[in-house]
Amino acid sequence: MRWNLRLTAANKGIWKASELQRNLAEHGLVISAGKMSGLWSGQPVSLKLEDLDVICVVLGCEIGDLLIPEPQKVTRPGQDTDVRQAAAGSSGPVPAVVPRRRDGRSLPPM
């Protein structure tokens, strides 16, 4: 997922983190300057769903405006970048993932 707070805020005429911080506080969400800086300039490590509700209310947006899916970044264990890009660009079948035990032996058929 890509965090899109800054662009969403700009589309609503909010150009400074401090302005958004004040608006959020008016709606009951008090955020420290450090956390606000992280929300504004980067991708948050964690965020409560209740906080997302307040952000959406203040910005008059939907959650899809703040969180942009990036399915091309999803990988399977053992799959490298070249295989992922080739699979995304081709219409052929993607090789099946064969589950294995920790010792490397195949699992018995079900």
# chains A, B, ... in the order shown; residues from 1 in each chain; ligands from 1
>>> residues_around(residues="stretch 31-43 of chain A", least_positions_apart="4", cutoff="8 Å", atoms="only C-alpha atoms", output="PDB file with N, CA, C and O atoms, in the first residue's frame")
ATOM      1  N   ARG A   2       0.424   2.228  -0.687  1.00  0.00           N
ATOM      2  CA  ARG A   2       1.124   3.514  -0.694  1.00  0.00           C
ATOM      3  C   ARG A   2       0.261   4.522   0.055  1.00  0.00           C
ATOM      4  O   ARG A   2      -0.948   4.628  -0.155  1.00  0.00           O
ATOM      5  N   TRP A   3       0.885   5.271   0.947  1.00  0.00           N
ATOM      6  CA  TRP A   3       0.229   6.282   1.772  1.00  0.00           C
ATOM      7  C   TRP A   3       0.149   7.574   0.978  1.00  0.00           C
ATOM      8  O   TRP A   3       1.144   8.083   0.488  1.00  0.00           O
ATOM      9  N   LEU A   5      -1.482  10.657   1.969  1.00  0.00           N
ATOM     10  CA  LEU A   5      -2.061  11.735   2.781  1.00  0.00           C
ATOM     11  C   LEU A   5      -1.753  13.115   2.210  1.00  0.00           C
ATOM     12  O   LEU A   5      -2.643  13.963   2.098  1.00  0.00           O
ATOM     13  N   ARG A   6      -0.512  13.337   1.853  1.00  0.00           N
ATOM     14  CA  ARG A   6      -0.100  14.684   1.439  1.00  0.00           C
ATOM     15  C   ARG A   6      -0.862  15.163   0.201  1.00  0.00           C
ATOM     16  O   ARG A   6      -1.340  16.303   0.159  1.00  0.00           O
ATOM     17  N   ALA A  17       1.516  20.467   7.234  1.00  0.00           N
ATOM     18  CA  ALA A  17       1.209  19.447   8.225  1.00  0.00           C
ATOM     19  C   ALA A  17       0.596  20.073   9.474  1.00  0.00           C
ATOM     20  O   ALA A  17      -0.328  19.506  10.073  1.00  0.00           O
ATOM     21  N   GLN A  21      -2.804  19.106  11.325  1.00  0.00           N
ATOM     22  CA  GLN A  21      -2.715  18.721  12.738  1.00  0.00           C
ATOM     23  C   GLN A  21      -3.748  19.496  13.564  1.00  0.00           C
ATOM     24  O   GLN A  21      -4.427  18.937  14.410  1.00  0.00           O
ATOM     25  N   LEU A  24      -7.265  18.181  12.746  1.00  0.00           N
ATOM     26  CA  LEU A  24      -7.487  16.885  13.380  1.00  0.00           C
ATOM     27  C   LEU A  24      -7.772  17.059  14.867  1.00  0.00           C
ATOM     28  O   LEU A  24      -8.667  16.408  15.423  1.00  0.00           O
ATOM     29  N   ALA A  25      -7.013  17.952  15.529  1.00  0.00           N
ATOM     30  CA  ALA A  25      -7.219  18.213  16.958  1.00  0.00           C
ATOM     31  C   ALA A  25      -8.618  18.769  17.218  1.00  0.00           C
ATOM     32  O   ALA A  25      -9.247  18.432  18.227  1.00  0.00           O
TER      33      ALA A  25
END
>>> residues_around(residues="stretch 64-80 of chain A", least_positions_apart="6", cutoff="10 Å", atoms="only C-alpha atoms", output="list of chain:residue names")
A:Met1, A:Arg2, A:Trp3, A:Asn4, A:Leu5, A:Arg6, A:Leu7, A:Thr8, A:Ala9, A:Leu52, A:Ile55, A:Cys56, A:Ala87, A:Ala88, A:Val97
>>> closest_residue(among="A:Ser18, A:Asn11, A:Asp103, A:Leu29", to="A:Lys48", atoms="only C-alpha atoms")
A:Leu29
>>> atom_distance(atom1="atom CA of A:Ala10", atom2="atom CA of A:Asn23")
13.8 Å
>>> select_by_dssp(residues="stretch 3-93 of chain A", states="alpha helix (DSSP H)", output="count of residues only")
50
>>> atom_distance(atom1="atom CA of A:Asp51", atom2="atom CA of A:Arg22")
14.2 Å
